[in-house]
file coords.txt (compact mmCIF, C-alpha atoms)
# COMPACT_ATOMS: atom_id res chain seq x y z
CA MET A 1 -32.03 -42.16 -16.18
CA ARG A 2 -33.51 -38.84 -15.01
CA LYS A 3 -37.30 -39.19 -15.05
CA ASP A 4 -37.88 -35.43 -15.06
CA ILE A 5 -36.35 -35.10 -18.53
CA GLU A 6 -38.85 -35.76 -21.28
CA ARG A 7 -37.52 -37.60 -24.39
CA SER A 8 -37.83 -34.70 -26.80
CA PRO A 9 -35.40 -32.40 -28.60
CA HIS A 10 -37.70 -29.52 -27.60
CA THR A 11 -37.16 -30.28 -23.90
CA ILE A 12 -33.42 -30.40 -24.46
CA GLY A 13 -33.58 -27.00 -26.08
CA ALA A 14 -35.67 -25.58 -23.23
CA ARG A 15 -33.27 -26.78 -20.56
CA ALA A 16 -30.37 -25.47 -22.61
CA ALA A 17 -32.06 -22.08 -22.67
CA GLU A 18 -32.37 -22.03 -18.88
CA SER A 19 -28.70 -22.78 -18.53
CA ALA A 20 -27.25 -20.77 -21.34
CA GLY A 21 -29.21 -17.53 -21.01
CA ASP A 22 -28.94 -15.29 -24.05
CA GLU A 23 -27.12 -18.00 -26.01
CA ARG A 24 -30.25 -20.17 -26.22
CA VAL A 25 -31.26 -19.19 -29.75
CA VAL A 26 -27.89 -20.05 -31.23
CA PHE A 27 -27.64 -23.21 -29.20
CA GLN A 28 -31.09 -24.47 -30.14
CA ALA A 29 -30.43 -23.95 -33.85
CA GLN A 30 -27.16 -25.86 -33.67
CA ALA A 31 -28.62 -28.59 -31.47
CA LYS A 32 -31.59 -29.12 -33.75
CA ASP A 33 -29.37 -29.45 -36.79
CA ALA A 34 -27.01 -31.80 -34.98
CA LEU A 35 -29.77 -34.00 -33.63
CA ARG A 36 -31.10 -34.63 -37.13
CA ARG A 37 -27.76 -36.13 -38.07
CA ARG A 38 -27.63 -38.54 -35.17
CA SER A 39 -29.22 -41.96 -34.97
CA ASP A 40 -32.18 -42.56 -32.70
CA ALA A 41 -30.05 -44.68 -30.40
CA ARG A 42 -27.51 -41.90 -29.82
CA LEU A 43 -30.33 -39.39 -29.37
CA ARG A 44 -31.90 -41.50 -26.62
CA ARG A 45 -28.59 -41.74 -24.83
CA ALA A 46 -27.99 -38.03 -25.21
CA ILE A 47 -31.28 -36.81 -23.76
CA ASP A 48 -30.78 -38.79 -20.57
CA THR A 49 -27.83 -36.55 -19.60
CA PRO A 50 -27.71 -33.16 -17.80
CA PRO A 51 -28.36 -29.90 -19.66
CA THR A 52 -25.77 -28.55 -22.02
CA GLU A 53 -23.11 -26.02 -21.15
CA ARG A 54 -20.66 -23.82 -23.03
CA LEU A 55 -17.45 -25.70 -23.70
CA ASP A 56 -15.39 -22.74 -22.62
CA THR A 57 -16.29 -23.43 -18.96
CA PRO A 58 -13.57 -24.95 -16.76
CA ASP A 59 -15.37 -28.30 -16.55
CA ALA A 60 -15.71 -28.77 -20.28
CA THR A 61 -13.77 -31.58 -21.95
CA PRO A 62 -12.67 -32.06 -25.56
CA GLU A 63 -14.81 -35.21 -25.79
CA GLN A 64 -17.95 -33.12 -25.21
CA ASP A 65 -17.24 -31.21 -28.41
CA LEU A 66 -17.78 -34.42 -30.39
CA ALA A 67 -21.28 -35.24 -29.21
CA PHE A 68 -22.93 -32.98 -31.77
CA GLY A 69 -19.94 -32.55 -34.02
CA GLU A 70 -20.35 -28.74 -33.66
CA PRO A 71 -17.71 -26.40 -32.18
CA GLY A 72 -18.69 -24.69 -28.97
CA TYR A 73 -21.76 -26.63 -27.79
CA ALA A 74 -22.38 -30.26 -26.90
CA LEU A 75 -24.42 -32.71 -24.96
CA PRO A 76 -22.30 -34.74 -22.54
CA VAL A 77 -22.81 -38.38 -23.56
CA GLN A 78 -21.97 -40.80 -20.79
CA GLY A 79 -19.53 -43.50 -21.95
CA VAL A 80 -19.72 -42.44 -25.62
CA GLN A 81 -17.15 -40.61 -27.68
CA ALA A 82 -18.73 -39.54 -30.95
CA ALA A 83 -16.49 -39.20 -33.98
CA PRO A 84 -16.17 -35.85 -35.74
CA ALA A 85 -17.90 -35.39 -39.07
CA ARG A 86 -16.01 -37.37 -41.72
CA ASP A 87 -14.25 -35.66 -44.58
CA GLN A 88 -15.91 -36.81 -47.81
CA SER A 89 -13.67 -35.00 -50.25
CA TYR A 90 -12.19 -38.40 -51.18
CA MET A 91 -15.38 -39.01 -53.16
CA LEU A 92 -14.53 -36.07 -55.38
CA ASP A 93 -11.03 -37.46 -55.83
CA TYR A 94 -12.48 -40.83 -56.81
CA TYR A 95 -14.86 -39.16 -59.27
CA ALA A 96 -11.97 -37.28 -60.88
CA HIS A 97 -9.42 -40.11 -61.01
CA SER A 98 -11.49 -43.30 -61.24
CA PRO A 99 -10.83 -45.46 -64.32
CA SER A 100 -14.56 -46.25 -64.37
CA ALA A 101 -16.86 -44.14 -66.52
CA ILE A 102 -19.26 -42.19 -64.28
CA ILE A 103 -22.15 -40.37 -65.96
CA ALA A 104 -25.01 -38.48 -64.27
CA VAL A 105 -28.30 -38.09 -66.15
CA ASP A 106 -31.26 -35.91 -65.20
CA GLU A 107 -34.98 -36.72 -65.32
CA GLN A 108 -35.18 -35.50 -68.93
CA LEU A 109 -32.59 -38.18 -69.81
CA ARG A 110 -30.01 -35.53 -70.59
CA VAL A 111 -26.37 -35.79 -69.53
CA TYR A 112 -25.86 -33.66 -66.45
CA ASP A 113 -22.18 -34.40 -65.86
CA LEU A 114 -19.49 -37.01 -66.43
CA ASN A 115 -16.03 -37.67 -65.10
CA PRO A 116 -12.81 -37.39 -67.15
CA SER A 117 -12.60 -41.15 -67.68
CA ALA A 118 -16.10 -41.22 -69.19
CA ALA A 119 -15.32 -38.25 -71.44
CA THR A 120 -12.16 -39.94 -72.73
CA ARG A 121 -13.78 -43.34 -73.28
CA LEU A 122 -16.84 -41.90 -75.04
CA GLY A 123 -14.85 -39.46 -77.18
CA PHE A 124 -16.36 -36.22 -75.87
CA SER A 125 -15.25 -33.27 -73.80
CA PRO A 126 -17.27 -32.66 -70.61
CA THR A 127 -18.61 -29.29 -71.81
CA GLU A 128 -19.56 -30.79 -75.17
CA VAL A 129 -21.98 -33.34 -73.75
CA ARG A 130 -23.64 -31.56 -70.85
CA ASP A 131 -27.39 -31.15 -71.42
CA ARG A 132 -27.31 -33.35 -74.51
CA PRO A 133 -29.75 -36.28 -74.80
CA CYS A 134 -28.11 -39.40 -73.40
CA LYS A 135 -28.85 -41.34 -76.60
CA ASP A 136 -26.46 -38.99 -78.44
CA VAL A 137 -23.71 -39.80 -75.93
CA LEU A 138 -24.32 -43.28 -74.49
CA MET A 139 -26.52 -45.07 -77.08
CA CYS A 140 -27.06 -48.06 -74.78
CA ARG A 141 -27.31 -51.38 -76.63
CA ASN A 142 -27.79 -54.91 -75.39
CA MET A 143 -25.38 -57.75 -76.14
CA ASN A 144 -27.09 -58.38 -79.48
CA GLY A 145 -26.43 -54.77 -80.51
CA THR A 146 -30.10 -53.73 -80.27
CA PRO A 147 -30.51 -50.07 -79.18
CA LEU A 148 -32.41 -49.70 -75.91
CA CYS A 149 -33.10 -45.95 -76.14
CA GLY A 150 -36.83 -45.23 -76.08
CA THR A 151 -37.77 -48.80 -75.08
CA SER A 152 -39.02 -50.23 -71.80
CA ASN A 153 -35.60 -51.91 -71.41
CA CYS A 154 -33.75 -48.58 -71.38
CA PRO A 155 -31.76 -48.68 -68.12
CA LEU A 156 -32.30 -44.96 -67.52
CA THR A 157 -36.05 -45.23 -67.94
CA ARG A 158 -36.12 -48.14 -65.53
CA VAL A 159 -34.12 -46.20 -62.93
CA VAL A 160 -35.50 -42.65 -63.30
CA GLN A 161 -39.17 -43.52 -63.84
CA ASN A 162 -39.49 -46.83 -62.02
CA GLY A 163 -36.95 -46.32 -59.25
CA GLU A 164 -35.10 -49.54 -60.04
CA THR A 165 -31.45 -50.19 -59.27
CA ILE A 166 -29.61 -52.11 -61.98
CA PRO A 167 -26.52 -54.02 -60.83
CA ALA A 168 -23.72 -55.43 -63.02
CA THR A 169 -25.46 -55.45 -66.41
CA GLU A 170 -23.38 -55.85 -69.57
CA LEU A 171 -24.16 -53.24 -72.22
CA PHE A 172 -22.52 -51.65 -75.22
CA LEU A 173 -22.04 -47.90 -74.65
CA GLY A 174 -20.81 -45.19 -76.98
CA ALA A 175 -22.57 -43.22 -79.72
CA ARG A 176 -19.46 -42.12 -81.58
CA THR A 177 -17.79 -44.34 -84.14
CA GLY A 178 -14.61 -45.83 -82.75
CA PHE A 179 -15.59 -45.17 -79.13
CA SER A 180 -18.10 -47.97 -78.57
CA ALA A 181 -17.17 -50.69 -76.10
CA GLU A 182 -18.69 -53.30 -73.83
CA TYR A 183 -19.17 -52.26 -70.21
CA SER A 184 -20.30 -53.82 -66.99
CA VAL A 185 -22.75 -51.15 -65.82
CA ASN A 186 -24.30 -50.34 -62.46
CA VAL A 187 -27.13 -47.78 -62.62
CA GLY A 188 -28.76 -46.27 -59.56
CA PRO A 189 -31.24 -43.49 -58.75
CA VAL A 190 -29.94 -40.14 -57.50
CA CYS A 191 -31.26 -36.61 -57.01
CA VAL A 192 -30.10 -34.21 -59.76
CA ASN A 193 -30.96 -30.54 -59.21
CA GLY A 194 -33.76 -31.54 -56.87
CA ASN A 195 -35.34 -33.96 -59.33
CA ALA A 196 -35.08 -37.65 -60.11
CA GLY A 197 -31.95 -38.73 -61.97
CA ALA A 198 -29.58 -41.62 -62.43
CA VAL A 199 -25.86 -42.34 -62.32
CA PHE A 200 -24.06 -44.80 -64.57
CA VAL A 201 -20.88 -46.41 -63.28
CA GLY A 202 -19.38 -48.43 -66.12
CA ARG A 203 -16.30 -50.65 -66.17
CA ASP A 204 -14.79 -51.22 -69.62
CA LEU A 205 -14.67 -54.97 -70.33
CA SER A 206 -12.66 -54.78 -73.58
CA GLY A 207 -9.43 -56.02 -72.04
CA LEU A 208 -11.19 -58.74 -70.10
CA LYS A 209 -13.03 -59.91 -73.22
CA VAL A 210 -9.77 -60.14 -75.15
CA ALA A 211 -8.19 -62.18 -72.36
CA ASN A 212 -11.21 -64.47 -72.24
CA GLN A 213 -11.11 -64.93 -76.00
CA VAL A 214 -7.43 -65.87 -75.86
CA ARG A 215 -8.19 -68.39 -73.14
CA ALA A 216 -11.15 -69.80 -75.09
CA ASN A 217 -9.02 -70.14 -78.22
CA PHE A 218 -6.33 -71.96 -76.25
CA VAL A 219 -8.85 -74.34 -74.67
CA SER A 220 -10.42 -74.99 -78.06
CA MET A 221 -7.03 -75.70 -79.65
CA VAL A 222 -6.00 -78.09 -76.88
CA SER A 223 -9.37 -79.86 -77.07
CA HIS A 224 -9.06 -80.31 -80.83
CA GLU A 225 -5.54 -81.69 -80.42
CA LEU A 226 -6.74 -84.15 -77.75
CA ARG A 227 -9.68 -85.38 -79.78
CA THR A 228 -7.64 -87.15 -82.50
CA PRO A 229 -5.39 -89.28 -80.27
CA LEU A 230 -8.29 -90.11 -77.97
CA ASN A 231 -10.34 -91.35 -80.91
CA SER A 232 -7.41 -93.54 -81.97
CA ILE A 233 -7.00 -95.00 -78.47
CA HIS A 234 -10.73 -95.64 -78.22
CA GLY A 235 -10.77 -97.38 -81.62
CA PHE A 236 -7.86 -99.69 -80.82
CA ILE A 237 -9.37 -100.63 -77.45
CA ASP A 238 -12.58 -101.58 -79.29
CA LEU A 239 -10.57 -103.82 -81.62
CA LEU A 240 -8.87 -105.50 -78.67
CA MET A 241 -12.16 -106.00 -76.81
CA GLN A 242 -13.72 -107.61 -79.89
CA GLY A 243 -10.86 -110.12 -80.12
CA HIS A 244 -9.40 -108.95 -83.43
CA MET A 245 -5.89 -109.08 -81.94
CA GLY A 246 -6.33 -112.48 -80.34
CA ALA A 247 -8.25 -113.99 -77.47
CA LEU A 248 -8.28 -112.11 -74.15
CA THR A 249 -8.23 -113.50 -70.67
CA ASP A 250 -10.92 -112.41 -68.24
CA GLU A 251 -8.39 -110.26 -66.38
CA GLN A 252 -7.23 -108.55 -69.58
CA ARG A 253 -10.82 -107.87 -70.59
CA LEU A 254 -11.54 -106.37 -67.15
CA TYR A 255 -8.58 -103.99 -67.29
CA LEU A 256 -9.31 -103.00 -70.89
CA GLY A 257 -12.87 -102.23 -69.80
CA TYR A 258 -11.58 -99.82 -67.16
CA THR A 259 -9.33 -98.20 -69.77
CA GLN A 260 -12.21 -97.87 -72.21
CA GLU A 261 -14.36 -96.13 -69.57
CA GLY A 262 -11.57 -93.66 -68.78
CA VAL A 263 -11.02 -92.82 -72.44
CA GLN A 264 -14.76 -92.39 -72.97
CA GLN A 265 -14.90 -89.98 -70.05
CA LEU A 266 -12.04 -87.94 -71.49
CA MET A 267 -13.73 -87.84 -74.88
CA THR A 268 -16.95 -86.61 -73.27
CA ILE A 269 -15.09 -83.80 -71.48
CA VAL A 270 -13.37 -82.74 -74.71
CA GLU A 271 -16.66 -82.73 -76.62
CA ASP A 272 -18.39 -80.69 -73.91
CA ILE A 273 -15.61 -78.10 -73.84
CA LEU A 274 -15.72 -77.82 -77.63
CA PHE A 275 -19.50 -77.47 -77.46
CA MET A 276 -19.27 -74.55 -75.01
CA THR A 277 -16.52 -72.93 -77.08
CA ARG A 278 -18.61 -73.11 -80.25
CA SER A 279 -21.58 -71.70 -78.37
CA ASP A 280 -19.55 -68.74 -77.06
CA SER A 281 -18.34 -67.94 -80.57
CA GLY A 282 -21.87 -68.09 -82.01
CA GLN A 283 -21.25 -71.31 -83.97
CA PHE A 284 -23.78 -73.40 -82.07
CA GLU A 285 -26.83 -74.25 -84.14
CA ILE A 286 -29.75 -76.58 -83.70
CA LYS A 287 -31.55 -78.55 -86.40
CA PRO A 288 -35.16 -78.98 -85.24
CA GLN A 289 -37.37 -81.68 -86.67
CA LYS A 290 -40.39 -83.78 -85.74
CA THR A 291 -39.24 -86.00 -82.87
CA ASN A 292 -41.01 -88.69 -80.86
CA SER A 293 -40.47 -87.98 -77.15
CA ARG A 294 -41.07 -91.63 -76.22
CA VAL A 295 -38.35 -92.86 -78.60
CA LEU A 296 -36.02 -90.15 -77.27
CA ALA A 297 -36.50 -91.25 -73.65
CA LYS A 298 -36.15 -94.92 -74.56
CA GLN A 299 -32.78 -94.25 -76.23
CA VAL A 300 -31.50 -92.50 -73.11
CA VAL A 301 -32.70 -95.30 -70.81
CA THR A 302 -31.02 -97.92 -73.01
CA SER A 303 -27.71 -96.05 -73.21
CA LEU A 304 -27.52 -95.49 -69.44
CA LYS A 305 -28.87 -98.86 -68.30
CA MET A 306 -25.43 -100.25 -67.51
CA GLN A 307 -24.42 -97.16 -65.54
CA ALA A 308 -27.62 -97.41 -63.49
CA LYS A 309 -27.04 -101.14 -62.92
CA LYS A 310 -23.52 -100.52 -61.59
CA ALA A 311 -24.91 -97.92 -59.18
CA ALA A 312 -27.75 -100.29 -58.16
CA VAL A 313 -30.26 -97.64 -59.20
CA ILE A 314 -33.58 -98.41 -60.91
CA LEU A 315 -33.89 -96.44 -64.17
CA ASP A 316 -37.33 -96.26 -65.78
CA LYS A 317 -39.58 -94.07 -67.92
CA ASP A 318 -43.15 -92.85 -67.43
CA ILE A 319 -44.47 -91.88 -70.85
CA PRO A 320 -47.96 -92.48 -72.27
CA GLU A 321 -48.37 -94.69 -75.34
CA THR A 322 -49.54 -91.68 -77.32
CA ALA A 323 -46.48 -89.66 -76.38
CA PRO A 324 -46.47 -86.02 -77.50
CA LEU A 325 -44.30 -85.16 -80.49
CA ILE A 326 -41.81 -82.34 -80.15
CA TYR A 327 -40.19 -80.00 -82.65
CA ALA A 328 -36.54 -80.14 -81.61
CA ASP A 329 -33.04 -81.26 -82.49
CA PRO A 330 -33.18 -84.94 -81.41
CA GLN A 331 -29.43 -85.22 -80.84
CA ARG A 332 -29.36 -82.12 -78.60
CA MET A 333 -32.50 -83.11 -76.69
CA GLN A 334 -31.02 -86.54 -76.08
CA GLN A 335 -27.92 -84.78 -74.74
CA VAL A 336 -30.08 -82.79 -72.28
CA LEU A 337 -31.81 -85.93 -70.99
CA ASN A 338 -28.51 -87.80 -70.86
CA ASN A 339 -26.89 -85.09 -68.73
CA LEU A 340 -29.83 -84.87 -66.33
CA VAL A 341 -30.24 -88.62 -65.93
CA THR A 342 -26.47 -89.16 -65.49
CA ASN A 343 -26.48 -86.61 -62.65
CA ALA A 344 -29.54 -88.24 -61.10
CA ILE A 345 -27.90 -91.68 -61.13
CA LYS A 346 -24.70 -90.32 -59.58
CA PHE A 347 -26.49 -88.69 -56.66
CA THR A 348 -29.07 -91.39 -55.96
CA PRO A 349 -28.09 -94.04 -53.37
CA PRO A 350 -28.36 -97.77 -54.09
CA HIS A 351 -31.89 -99.12 -54.52
CA GLY A 352 -33.16 -95.62 -55.34
CA THR A 353 -35.04 -94.77 -58.53
CA VAL A 354 -34.64 -92.38 -61.45
CA ILE A 355 -37.64 -91.80 -63.73
CA ILE A 356 -37.99 -89.91 -67.02
CA ARG A 357 -41.51 -88.52 -67.36
CA VAL A 358 -43.03 -86.77 -70.41
CA ARG A 359 -46.38 -84.99 -70.48
CA GLU A 360 -48.11 -82.28 -72.42
CA HIS A 361 -47.56 -79.03 -70.55
CA PRO A 362 -50.52 -78.37 -68.21
CA GLU A 363 -50.34 -74.57 -68.69
CA GLN A 364 -48.65 -73.98 -72.06
CA ALA A 365 -50.51 -75.60 -74.94
CA ASP A 366 -47.56 -75.29 -77.34
CA ARG A 367 -45.04 -76.96 -75.00
CA VAL A 368 -44.12 -80.44 -73.82
CA LEU A 369 -42.91 -80.91 -70.24
CA PHE A 370 -40.02 -83.31 -69.53
CA SER A 371 -39.20 -84.29 -65.95
CA VAL A 372 -36.28 -86.27 -64.53
CA ILE A 373 -37.20 -87.43 -61.02
CA ASP A 374 -34.84 -89.07 -58.54
CA THR A 375 -35.03 -90.27 -54.94
CA GLY A 376 -31.51 -89.11 -54.15
CA ASP A 377 -29.97 -86.93 -51.48
CA GLY A 378 -31.23 -83.64 -52.89
CA ILE A 379 -29.23 -80.52 -53.67
CA PRO A 380 -27.89 -78.64 -50.61
CA PRO A 381 -29.58 -75.22 -50.26
CA GLU A 382 -26.26 -73.38 -50.47
CA ASP A 383 -25.52 -74.98 -53.86
CA GLN A 384 -28.90 -74.43 -55.47
CA PRO A 385 -28.25 -70.86 -56.76
CA HIS A 386 -25.08 -72.04 -58.54
CA ILE A 387 -25.82 -75.40 -60.11
CA PHE A 388 -26.18 -74.03 -63.65
CA GLU A 389 -22.86 -72.15 -63.48
CA ARG A 390 -20.02 -73.47 -65.60
CA PHE A 391 -17.49 -75.66 -63.79
CA TYR A 392 -19.27 -75.16 -60.47
CA GLN A 393 -18.24 -77.80 -57.95
CA SER A 394 -20.03 -78.25 -54.66
CA ASN A 395 -18.06 -78.65 -51.45
CA HIS A 396 -20.56 -81.29 -50.39
CA SER A 397 -18.99 -84.65 -49.50
CA MET A 398 -21.18 -86.47 -52.01
CA GLN A 399 -19.84 -84.28 -54.82
CA SER A 400 -16.25 -85.13 -53.97
CA LYS A 401 -17.10 -88.84 -54.11
CA MET A 402 -18.94 -88.63 -57.42
CA GLY A 403 -16.55 -86.34 -59.27
CA GLY A 404 -17.58 -84.50 -62.41
CA TYR A 405 -16.38 -81.30 -63.99
CA GLY A 406 -19.44 -79.03 -63.75
CA LEU A 407 -20.52 -78.58 -67.38
CA GLY A 408 -23.47 -80.98 -67.73
CA LEU A 409 -26.17 -78.70 -66.33
CA SER A 410 -24.75 -75.61 -68.07
CA ILE A 411 -24.95 -77.41 -71.41
CA ALA A 412 -28.47 -78.67 -70.64
CA ARG A 413 -29.71 -75.16 -69.93
CA LEU A 414 -28.02 -73.76 -73.03
CA ILE A 415 -29.66 -76.35 -75.30
CA VAL A 416 -33.10 -75.94 -73.70
CA GLU A 417 -32.95 -72.15 -74.02
CA GLN A 418 -31.84 -72.43 -77.65
CA HIS A 419 -35.10 -74.32 -78.24
CA GLY A 420 -37.05 -71.49 -76.63
CA GLY A 421 -37.74 -73.50 -73.49
CA GLU A 422 -36.87 -73.15 -69.83
CA ILE A 423 -35.33 -75.44 -67.25
CA ARG A 424 -35.87 -75.45 -63.49
CA PHE A 425 -35.67 -77.82 -60.54
CA GLU A 426 -37.23 -78.69 -57.20
CA SER A 427 -35.09 -80.18 -54.48
CA ALA A 428 -34.93 -80.69 -50.74
CA PRO A 429 -32.26 -82.46 -48.65
CA GLN A 430 -32.92 -86.21 -48.37
CA GLN A 431 -36.09 -85.85 -50.45
CA GLY A 432 -34.71 -86.12 -53.95
CA THR A 433 -34.61 -83.74 -56.90
CA THR A 434 -36.82 -83.18 -59.92
CA PHE A 435 -35.62 -81.32 -62.99
CA HIS A 436 -38.25 -79.96 -65.38
CA PHE A 437 -37.63 -78.56 -68.85
CA THR A 438 -39.86 -77.64 -71.75
CA ALA A 439 -39.60 -78.22 -75.50
CA PRO A 440 -41.77 -76.99 -78.40
CA LEU A 441 -44.77 -79.18 -79.27
CA TRP A 442 -44.75 -80.31 -82.91
CA SER A 443 -47.67 -78.87 -84.85
CA GLY A 444 -46.57 -79.26 -88.46
CA GLN A 445 -43.84 -76.61 -88.39
CA ASP A 446 -41.14 -78.61 -90.22
CA GLY A 447 -38.34 -76.46 -91.57
CA ILE A 448 -39.31 -73.43 -89.50
CA PRO A 449 -36.44 -72.11 -87.35
CA LEU A 450 -37.06 -71.84 -83.61
call {"tool": "encode", "arguments": {"input": "coords.txt", "output": "structure tokens"}}
result
Amino acid sequence: MRKDIERSPHTIGARAAESAGDERVVFQAQAKDALRRRSDARLRRAIDTPPTERLDTPDATPEQDLAFGEPGYALPVQGVQAAPARDQSYMLDYYAHSPSAIIAVDEQLRVYDLNPSAATRLGFSPTEVRDRPCKDVLMCRNMNGTPLCGTSNCPLTRVVQNGETIPATELFLGARTGFSAEYSVNVGPVCVNGNAGAVFVGRDLSGLKVANQVRANFVSMVSHELRTPLNSIHGFIDLLMQGHMGALTDEQRLYLGYTQEGVQQLMTIVEDILFMTRSDSGQFEIKPQKTNSRVLAKQVVTSLKMQAKKAAVILDKDIPETAPLIYADPQRMQQVLNNLVTNAIKFTPPHGTVIIRVREHPEQADRVLFSVIDTGDGIPPEDQPHIFERFYQSNHSMQSKMGGYGLGLSIARLIVEQHGGEIRFESAPQQGTTFHFTAPLWSGQDGIPL
């Protein structure tokens, strides 16, 4: 490195002036503009080299022309070949031909521009909508159909005024009758005419929703068709186990027991799939009533006692005698506890413990806090963000041993949220896992919907 060269664009310009004579003014202007477009790392490399020269000298090389990306002048960069400025006209081509709807909005929340796809999908011509209020063109609505215009949840307000970036949010867009559809929308801040603005990029989900509905209908139909024969098989196995068809040997009873467990597992899967299908179609309802949390926990412990015994896991409850009463659907709440405790038993090694604990919520006076605590292996950190996703299966070796189909926690969260509660967990490898969820405290509100 030459120590007599100071690390400054001004020094570079001065030395260029000495070398280039009357061309110094032009050179300095081009060099200053070029330097602003270069990273600090390339700038440091560049200023360590000899002064610049005109490229029309005999010693000039084509590579030197790339250092600043400007024709005629360059800094020789030792060992570096800078690329020429990239052509960005492809962005204009994408804007014109993209199937996604792209809409630019200014700081006054007026439509500044939109691409042909957006104009077609929203039922407007580009000239017709420019400078119109976005609510007359987009009319953003959430998945319940509630308009967001003028509210704090308006995506444009959040982006333009608060500087947020909104990724992959599902909204209904379209103010004109017959042109409203569901979109997956990304909204980001941009500069429009020198002021704050936002750009919508929306992908129409109509086709995807239809395909998903067809799939859901097929799954529901298959599940319904499976339910009847499975119930018959389960009933006849019960009759055999009870000796109505004659005495059974110990070996026959053992094998019938295995068969009964398999059929019960299939019936549980079918019921869970039907439950999720009904929920997706809006047919899921809860019937809240006054419920004793202690009785609820006791029922779960009793029903899962044999499963815990087979796994050599201690299953217990920690509930005060004066257990808090909750206002909830007892069948659904039992299902939540059942799913959480079943998971805890599966992932707790022999001689470990699983405890159901119920307390009044320490921070929310109108809530009851349920906890399912285990001394198991814990949830691997890489799986923790996904455990409530439908059909999620960990690649962890313990998961492959224990099986499962990945709906239990999804259903638990759905039921808890339908009761106005929340569910969360704490876990660390080899330190066990604790799931917490809340339910409404009963305070005489019988018959009042949640």
call {"tool": "residues_around", "arguments": {"input": "coords.txt", "residues": "Asp238 of chain A", "least_positions_apart": "3", "cutoff": "12 Å", "atoms": "only C-alpha atoms", "output": "list in words"}}
result
Asn231, Ser232, Ile233, His234, Gly235, Met241, Gln242, Gly243, His244, Met245, Arg253, Leu256, Gly257, Thr259, Gln260, Glu261, Val263 and Gln264 of chain A
call {"tool": "atom_distance", "arguments": {"input": "coords.txt", "atom1": "atom CA of Val192 of chain A", "atom2": "atom CA of Gln161 of chain A"}}
result
13.6 Å
call {"tool": "atom_distance", "arguments": {"input": "coords.txt", "atom1": "atom CA of Val358 of chain A", "atom2": "atom CA of Gln430 of chain A"}}
result
24.3 Å
call {"tool": "closest_residue", "arguments": {"input": "coords.txt", "among": "A:Phe284, A:Lys298, A:Asn343, A:Thr249", "to": "Leu414 of chain A", "atoms": "all atoms listed in the file"}}
result
A:Phe284
call {"tool": "atom_distance", "arguments": {"input": "coords.txt", "atom1": "atom CA of Val105 of chain A", "atom2": "atom CA of Ala198 of chain A"}}
result
5.3 Å
call {"tool": "closest_residue", "arguments": {"input": "coords.txt", "among": "A:Ser427, A:Asn338, A:Thr120, A:Asn212", "to": "Arg176 of chain A", "atoms": "only C-alpha atoms"}}
result
A:Thr120
call {"tool": "decode", "arguments": {"input": "coords.txt", "residues": "segment 87-122 of chain A", "atoms": "C-alpha atoms", "output": "mmCIF file, in the first residue's frame"}}
result
data_model
loop_
_atom_site.group_PDB
_atom_site.id
_atom_site.type_symbol
_atom_site.label_atom_id
_atom_site.label_comp_id
_atom_site.auth_asym_id
_atom_site.auth_seq_id
_atom_site.Cartn_x
_atom_site.Cartn_y
_atom_site.Cartn_z
ATOM 1 C CA ASP A 87 -29.340 -3.600 -17.084
ATOM 2 C CA GLN A 88 -32.476 -3.350 -14.941
ATOM 3 C CA SER A 89 -35.016 -3.078 -17.723
ATOM 4 C CA TYR A 90 -36.126 -6.629 -16.858
ATOM 5 C CA MET A 91 -37.908 -5.122 -13.859
ATOM 6 C CA LEU A 92 -40.099 -3.124 -16.212
ATOM 7 C CA ASP A 93 -40.811 -6.289 -18.178
ATOM 8 C CA TYR A 94 -41.786 -8.077 -14.977
ATOM 9 C CA TYR A 95 -44.037 -5.186 -13.964
ATOM 10 C CA ALA A 96 -45.788 -5.285 -17.338
ATOM 11 C CA HIS A 97 -46.152 -9.059 -17.698
ATOM 12 C CA SER A 98 -46.327 -10.389 -14.139
ATOM 13 C CA PRO A 99 -49.499 -12.332 -13.269
ATOM 14 C CA SER A 100 -49.325 -10.765 -9.797
ATOM 15 C CA ALA A 101 -51.262 -7.577 -9.126
ATOM 16 C CA ILE A 102 -48.826 -4.722 -8.440
ATOM 17 C CA ILE A 103 -50.259 -1.447 -7.125
ATOM 18 C CA ALA A 104 -48.338 1.663 -6.015
ATOM 19 C CA VAL A 105 -49.993 4.029 -3.532
ATOM 20 C CA ASP A 106 -48.792 7.477 -2.476
ATOM 21 C CA GLU A 107 -48.690 9.029 0.998
ATOM 22 C CA GLN A 108 -52.244 10.347 0.569
ATOM 23 C CA LEU A 109 -53.362 6.711 0.113
ATOM 24 C CA ARG A 110 -54.239 7.366 -3.506
ATOM 25 C CA VAL A 111 -53.436 4.936 -6.319
ATOM 26 C CA TYR A 112 -50.336 6.163 -8.111
ATOM 27 C CA ASP A 113 -50.012 3.366 -10.656
ATOM 28 C CA LEU A 114 -50.817 -0.290 -11.241
ATOM 29 C CA ASN A 115 -49.735 -2.952 -13.683
ATOM 30 C CA PRO A 116 -51.987 -4.508 -16.358
ATOM 31 C CA SER A 117 -52.629 -7.615 -14.278
ATOM 32 C CA ALA A 118 -53.904 -5.521 -11.364
ATOM 33 C CA ALA A 119 -56.122 -3.457 -13.667
ATOM 34 C CA THR A 120 -57.664 -6.609 -15.155
ATOM 35 C CA ARG A 121 -58.192 -8.353 -11.813
ATOM 36 C CA LEU A 122 -59.712 -5.287 -10.146
#
